[in-house]
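Engineer: Can you keep this structure in mind? I'll have questions shortly.
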Protein chains: 2
Amino acid sequence: MSVGIRHDDLRRRNRAMVIAAVRRAGRPSRTEIAATTGLSHSTISAISSDLIGEGILAEGKPSEVGSLKRGRPQVGLGLNPEAATVMTVVLSLNFLSVAVIDYAGQVISEEQRRLDTLTMSREALIGECTAIVRRRLADPDIDVRSVARIALAIQGITDTEARAMLWSPITPQTDIAFADILEAEFGIPATMENDCNMMAVALRWRDPERYRDDFIAILLSHGIGMGLVLKGELFTGTHSSGGEFGHMIHRPGGALCRCGRRGCVEAYAGNYAIWRNARQLGEDTEPVDVSDADMRTLAATARERAGPEREAYRKAGEALGYGLGSLFALIDPAPVAMVGVSAAAFDLIEPALREAIAQTAGGQHSKSISFDTEPNELPLIREGCAMRALTFVDQEIFAPGVQGRAGSGKNVA
Amino acid sequence: MSVGIRHDDLRRRNRAMVIAAVRRAGRPSRTEIAATTGLSHSTISAISSDLIGEGILAEGKPSEVGSLKRGRPQVGLGLNPEAATVMTVVLSLNFLSVAVIDYAGQVISEEQRRLDTLTMSREALIGECTAIVRRRLADPDIDVRSVARIALAIQGITDTEARAMLWSPITPQTDIAFADILEAEFGIPATMENDCNMMAVALRWRDPERYRDDFIAILLSHGIGMGLVLKGELFTGTHSSGGEFGHMIHRPGGALCRCGRRGCVEAYAGNYAIWRNARQLGEDTEPVDVSDADMRTLAATARERAGPEREAYRKAGEALGYGLGSLFALIDPAPVAMVGVSAAAFDLIEPALREAIAQTAGGQHSKSISFDTEPNELPLIREGCAMRALTFVDQEIFAPGVQGRAGSGKNVA
DNA sequence: GTATTTTTTTTGAGGCTCGAAAAAATAGAG
DNA sequence: CTCTATTTTTTCGAGCCTCAAAAAAAATAC
């Protein structure tokens with residue numbers, strides 16, 4: 001039941017709007033902000049003067065803008081890097097990476113660590129995460145009190161409230177409420193996000209021209225993941241992070257998937273699936289983790305000569321194509337970004353993928369669907385986490401108000 | 001790029017909120033409205049006094065509430081039936097149905113007509129629609145000037161802007177901009193909606209307890225359609241009405257679908273698919289339209305004895321189950337309403353459906369997924385149309401404001 | 001008939017945005 | 001070097017809107 005708008009919500013929302021405009025535009029002048037937000041100059045003047053007074057925004061030096069026009073020069077407004085910091089924690093297979101980022105988005109401290117996530121106990125996994133966060137907070141460059149938010153990302157399923165990891169392929173452990181644990185430990189608000197959703201968030205910041213209102217980010221790696229932005233909002237399931245594209249059914253009763261079921265898209269297109277098809281091990285072979293190096297060798301072989309390797313990539317393309325076709329039947333076609341090690345082999349995947357997609361309802365415009373590839377997912381995930389955490393600070397801390405529980409806002413991508 | 005909130009938007013939004021509260025609650029008192037909207041009594045008093053003055057709301061007679069408590073009795077506020085009227089036009093296979101509905105939601109005039117939609121020319125189809133609308137407008141009970149909106153619904157694909165039918169199984173014609181045509185003809189704002197979306201809207205009004213934020217309405221008829229509400233909003237594709245659940249791929253390269261492709265869910269679960277499987281005609285047999293009576297006989301036979309009829313329903317259940325499983329992988333399970341003539345045979349479909357769904361990622365909680373059936377889709381569609389048109393009047397006419405182009409608002413279900 | 005209770009309206013205060021006017025800061029002209 | 005044109009930013013008063021508190025209204029209970 002949506003609730004009426006209070007008078008004081010007005011200021012809050014318009015403050016948030018100004019901050020968002022500055023974050024998007026970089027160093028806009030007050031006049032530019034007035035134009036993009038549609039508010040009057042007087043309002044922008046009042047709000048930005050407040051924000052500067054509070055140390056959230058900072059005026060750029062007048063010299064910075066090489067003003068060629070005459071008239072009073074515009075003075076650029078930027079985010080004050082010292083207004084706050086956020087922390088990102090990305091947990092992936094055998095790898096833990098942490099960064100501290102200032103309010104303007106610059107990395108100011110980071111640390112990475114190899115772990116054996118697949119065999120670690122629940123306690124060890126949690127312990128490693130809290131320990132690495134603690135070490136970063138102890139960094140002399142960091143003012144602990146400035147850290148306003150921690151955003152974790154993990155491959156796998158998280159809950160809608162972004163509190164817990166429910167299931168992940170990188171560990172046999174389930175249902176770890178990382179967000180609650182870190183919050184309790186450090187007293188800093190935290191969220192636990194799905195890695196592919198963060199990829200989507202990052203793409204939107206990186207290339208807003210291409211990835212604006214509707215697009216899809218697909219992770220082609222050990223598993224198949226998806227981040228989906230629809231109508232400018234991150235799409236999540238109703239109970240979980242959702243978008244389990246990899247586990248849509250491609251062939252009922254088909255190949256064995258890592259999730260234990262049969263016929264999922266991932267059981268044909270995940271690294272382990274491509275691997276076992278290339279090695280002709282049979283579709284019931286237990287999934288194994290394949291190194292990135294081995295996958296690159298496999299791709300090279302497939303490019304070199306026809307054979308089971310090439311056929312394995314074809315099958316992957318077919319599964320992805322039919323899966324995307326079914327997805328497009330529901331949401332209409334949209335730009336797709338293929339991310340992860342197998343995205344580097346997209347040339348091997350694409351023909352079969354396009355052929356399959358053309359057989360489906362979503363494939364009517366299959367020619368016009370465009371794919372982009374990005375072999376390295378980690379930087380994207382971290383960047384998405386950072387933006388997520390920063391927009392949280394923008395909204396919930398620097399433009400606070402009632403408006404429901406904290407964190408229950410829209411999924412602004 | 002979202003836009004700042006102007007000062008005058010405030011009133012507009014809160015007016016809309018009050019109207020919406022009254023439409024939902026029936027005859028709430030001012031105090032009740034204050035409670036549900038979260039606005040102060042003074043504000044509600046001011047707004048409702050405006051609305052009464054404008055003839056949008058009307059105070060109920062004090063006697064109506066059998067007040068047992070002491071104190072000043074609450075006076076119920078209701079929608080003034082004479083504030084406006086809307087018209088619904090439902091175009092389905094061989095059938096055209098029109099109704100005029102007052103602002104409080106009561107039908108005040110209606111007309112139905114059999115047509116041969118499959119063979120009619122484009123002009124004839126448009127002509128029948130405009131003619132029936134013209135006749136209703138000529139009804140002496142109707143004040144033409146009060147008609148504030150026409151909502152059409154049709155089975156098939158419509159565009160996101162709700163202006164045109166892009167493709168429909170009930171006619172070989174494509175791309176008819178019904179909304180524009182009726183608007184030009186009568187000067188009344190019109191929309192062209194997808195029938196299954198309207199079913200979903202209606203379900204939400206009929207049973208808000210069960211169908212609140214997330215649910216699915218599936219039409220089991222000649223074709224398979226779907227209306228989807230997610231997070232309280234009607235889900236549409238980015239370009240078209242979307243949610244073409246019936247054309248998700250069940251078996252790549254499988255049975256021939258009415259849409260010309262192969263292996264769609266509909267090619268196993270549409271009436272024609274069940275029919276040809278029951279008659280053992282082979283999966284490539286050209287789809288034919290089967291009468292509701294024939295379908296009922298088929299279902300009766302299937303219930304009576306094992307055989308191809310029963311097997312046909314099993315296959316339908318399997319296709320629907322895998323399709324729902326894939327859908328649930330994306331959006332998480334939600335309550336499902338099965339609507340249409342084959343929903344009356346849901347007992348034959350359900351076992352295989354549940355078995356299939358249990359094989360999928362969305363099927364982890366397959367036991368808890370609940371299905372409701374409603375054999376008659378037409379009343380639902382009309383009701384949904386009516387509510388859609390009425391909420392348009394609530395928002396765009398009785399609480400007008402800038403806030404982007406008309407009709408570009410949220411998909412409030 | 002008076003007290004009590006509950007709903008609704010009235011009133012005054014405080015905030016917010018807006019438009020217009022003023023102030024500030026520069027480039028160009030002479 | 002001064003003056004003018006131009007553009008950006010701030011200031012100021014007006015007009016709304018919501019809110020809290022008080023007042024008024026309308027019933028029941030005793």
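Ligands are numbered from 1 in the order shown, residues from 1 within each chain, and chains are lettered A, B, ... in the order they appear in the structure tokens.
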Might you pull out every residue within 7 Å of Ile170 in chain A, with only C-alpha atoms (C1' of nucleotides) counted and same-chain residues fewer than 4 positions away left off, and present them as a VMD selection string?
Structural biologist: chain A and resid 92 to 93 117 to 118
Engineer: Put those residues in a file: C-alpha atoms, as a short mmCIF file (atom, residue, chain, number, x, y, z; two decimals), in the first residue's frame.
Structural biologist:
data_model
loop_
_atom_site.label_atom_id
_atom_site.label_comp_id
_atom_site.auth_asym_id
_atom_site.auth_seq_id
_atom_site.Cartn_x
_atom_site.Cartn_y
_atom_site.Cartn_z
CA SER A 92 34.48 -15.81 -5.77
CA LEU A 93 35.81 -19.30 -6.32
CA THR A 117 36.55 -21.89 -0.73
CA LEU A 118 35.33 -25.31 -1.79
#
Engineer: Counting only C-alpha atoms (C1' of nucleotides), which residues in chain C sit no more than 9 Å from chain B? For each one, give the nearest pair of atoms and the distance in Å, sorted by chain then residue number, as a tab-separated table.
Structural biologist:
residue	atom	partner	partner_atom	distance
C:DT4	C1'	B:Gly71	CA	8.1
C:DT5	C1'	B:Gly71	CA	4.5
C:DT6	C1'	B:Gly71	CA	4.0
C:DT7	C1'	B:Arg72	CA	5.2
C:DT8	C1'	B:Ser45	CA	7.3
C:DT9	C1'	B:Ser45	CA	7.4
C:DC16	C1'	B:His7	CA	7.0
C:DT17	C1'	B:His7	CA	5.6
C:DC18	C1'	B:His7	CA	8.7
Engineer: Could you take the residues named above and write them with N, CA, C and O atoms (P, O5', C5', C4', C3', O3' and C1' of nucleotides), as a PDB file, in the first residue's frame?
Structural biologist:
ATOM      1  P    DT C   4     -16.943  13.836  31.932  1.00  0.00           P
ATOM      2  O5'  DT C   4     -17.064  12.900  30.654  1.00  0.00           O
ATOM      3  C5'  DT C   4     -17.798  11.677  30.751  1.00  0.00           C
ATOM      4  C4'  DT C   4     -17.703  10.931  29.436  1.00  0.00           C
ATOM      5  C3'  DT C   4     -16.322  10.938  28.806  1.00  0.00           C
ATOM      6  O3'  DT C   4     -15.965   9.604  28.490  1.00  0.00           O
ATOM      7  C1'  DT C   4     -17.947  11.606  27.223  1.00  0.00           C
ATOM      8  P    DT C   5     -14.484   9.239  28.000  1.00  0.00           P
ATOM      9  O5'  DT C   5     -14.760   9.006  26.451  1.00  0.00           O
ATOM     10  C5'  DT C   5     -15.799   8.121  26.050  1.00  0.00           C
ATOM     11  C4'  DT C   5     -16.023   8.256  24.557  1.00  0.00           C
ATOM     12  C3'  DT C   5     -14.737   8.261  23.733  1.00  0.00           C
ATOM     13  O3'  DT C   5     -14.840   7.251  22.758  1.00  0.00           O
ATOM     14  C1'  DT C   5     -16.171  10.017  23.073  1.00  0.00           C
ATOM     15  P    DT C   6     -13.523   6.639  22.068  1.00  0.00           P
ATOM     16  O5'  DT C   6     -13.683   7.167  20.582  1.00  0.00           O
ATOM     17  C5'  DT C   6     -14.859   6.837  19.851  1.00  0.00           C
ATOM     18  C4'  DT C   6     -15.064   7.840  18.753  1.00  0.00           C
ATOM     19  C3'  DT C   6     -13.848   8.072  17.855  1.00  0.00           C
ATOM     20  O3'  DT C   6     -14.127   7.524  16.584  1.00  0.00           O
ATOM     21  C1'  DT C   6     -14.982  10.099  18.386  1.00  0.00           C
ATOM     22  P    DT C   7     -13.117   7.665  15.344  1.00  0.00           P
ATOM     23  O5'  DT C   7     -13.751   8.927  14.612  1.00  0.00           O
ATOM     24  C5'  DT C   7     -15.103   8.857  14.174  1.00  0.00           C
ATOM     25  C4'  DT C   7     -15.487  10.172  13.537  1.00  0.00           C
ATOM     26  C3'  DT C   7     -14.628  10.597  12.349  1.00  0.00           C
ATOM     27  O3'  DT C   7     -15.497  10.922  11.275  1.00  0.00           O
ATOM     28  C1'  DT C   7     -14.768  12.354  13.932  1.00  0.00           C
ATOM     29  P    DT C   8     -14.894  11.210   9.823  1.00  0.00           P
ATOM     30  O5'  DT C   8     -14.796  12.796   9.866  1.00  0.00           O
ATOM     31  C5'  DT C   8     -15.991  13.560   9.935  1.00  0.00           C
ATOM     32  C4'  DT C   8     -15.663  15.016  10.094  1.00  0.00           C
ATOM     33  C3'  DT C   8     -14.741  15.599   9.030  1.00  0.00           C
ATOM     34  O3'  DT C   8     -15.474  16.574   8.304  1.00  0.00           O
ATOM     35  C1'  DT C   8     -14.125  16.325  11.207  1.00  0.00           C
ATOM     36  P    DT C   9     -14.761  17.461   7.192  1.00  0.00           P
ATOM     37  O5'  DT C   9     -14.447  18.783   8.014  1.00  0.00           O
ATOM     38  C5'  DT C   9     -15.516  19.469   8.670  1.00  0.00           C
ATOM     39  C4'  DT C   9     -14.987  20.700   9.364  1.00  0.00           C
ATOM     40  C3'  DT C   9     -14.206  21.655   8.465  1.00  0.00           C
ATOM     41  O3'  DT C   9     -14.731  22.959   8.667  1.00  0.00           O
ATOM     42  C1'  DT C   9     -12.925  21.121  10.387  1.00  0.00           C
ATOM     43  P    DC C  16      12.396  22.519   4.139  1.00  0.00           P
ATOM     44  O5'  DC C  16      11.788  22.573   2.672  1.00  0.00           O
ATOM     45  C5'  DC C  16      10.801  21.630   2.283  1.00  0.00           C
ATOM     46  C4'  DC C  16      10.190  22.073   0.984  1.00  0.00           C
ATOM     47  C3'  DC C  16      11.238  22.588   0.002  1.00  0.00           C
ATOM     48  O3'  DC C  16      11.326  21.743  -1.124  1.00  0.00           O
ATOM     49  C1'  DC C  16       9.382  24.100   0.192  1.00  0.00           C
ATOM     50  P    DT C  17      12.419  22.065  -2.250  1.00  0.00           P
ATOM     51  O5'  DT C  17      11.545  22.834  -3.339  1.00  0.00           O
ATOM     52  C5'  DT C  17      10.361  22.229  -3.853  1.00  0.00           C
ATOM     53  C4'  DT C  17       9.687  23.209  -4.792  1.00  0.00           C
ATOM     54  C3'  DT C  17      10.613  23.757  -5.881  1.00  0.00           C
ATOM     55  O3'  DT C  17       9.985  23.643  -7.148  1.00  0.00           O
ATOM     56  C1'  DT C  17       9.620  25.545  -4.657  1.00  0.00           C
ATOM     57  P    DC C  18      10.721  24.144  -8.448  1.00  0.00           P
ATOM     58  O5'  DC C  18      10.075  25.592  -8.631  1.00  0.00           O
ATOM     59  C5'  DC C  18       8.643  25.722  -8.556  1.00  0.00           C
ATOM     60  C4'  DC C  18       8.249  27.160  -8.854  1.00  0.00           C
ATOM     61  C3'  DC C  18       9.096  27.803  -9.949  1.00  0.00           C
ATOM     62  O3'  DC C  18       8.293  28.431 -10.923  1.00  0.00           O
ATOM     63  C1'  DC C  18       9.154  29.111  -7.945  1.00  0.00           C
TER      64       DC C  18
END
Engineer: Mind listing as a PyMOL selection string which residues of chain B are within 8 Å of chain A, counting only C-alpha atoms?
Structural biologist: chain B and resi 1-7+10+13-14+17+36-39+214+230-231+236-240+242-245+247-252+261-262+322-323+325-327+329-332+359-361
Engineer: What are the nearest atom pairs, with distances in Å to one decimal, for all residues of chain D that come at most 7 Å from chain A, using only C-alpha atoms (C1' of nucleotides), set out by chain and rising residue number as JSON lines?
Structural biologist:
{"residue": "D:DT6", "atom": "C1'", "partner": "A:Gly71", "partner_atom": "CA", "distance": 4.6}
{"residue": "D:DT7", "atom": "C1'", "partner": "A:Gly71", "partner_atom": "CA", "distance": 4.0}
{"residue": "D:DT8", "atom": "C1'", "partner": "A:Arg72", "partner_atom": "CA", "distance": 5.2}
{"residue": "D:DT18", "atom": "C1'", "partner": "A:His7", "partner_atom": "CA", "distance": 5.5}
Engineer: Give me, please, the distance in Å between CA of Ala345 in chain B and CA of Asn197 in chain B, quoted to one decimal.
Structural biologist: 22.3 Å
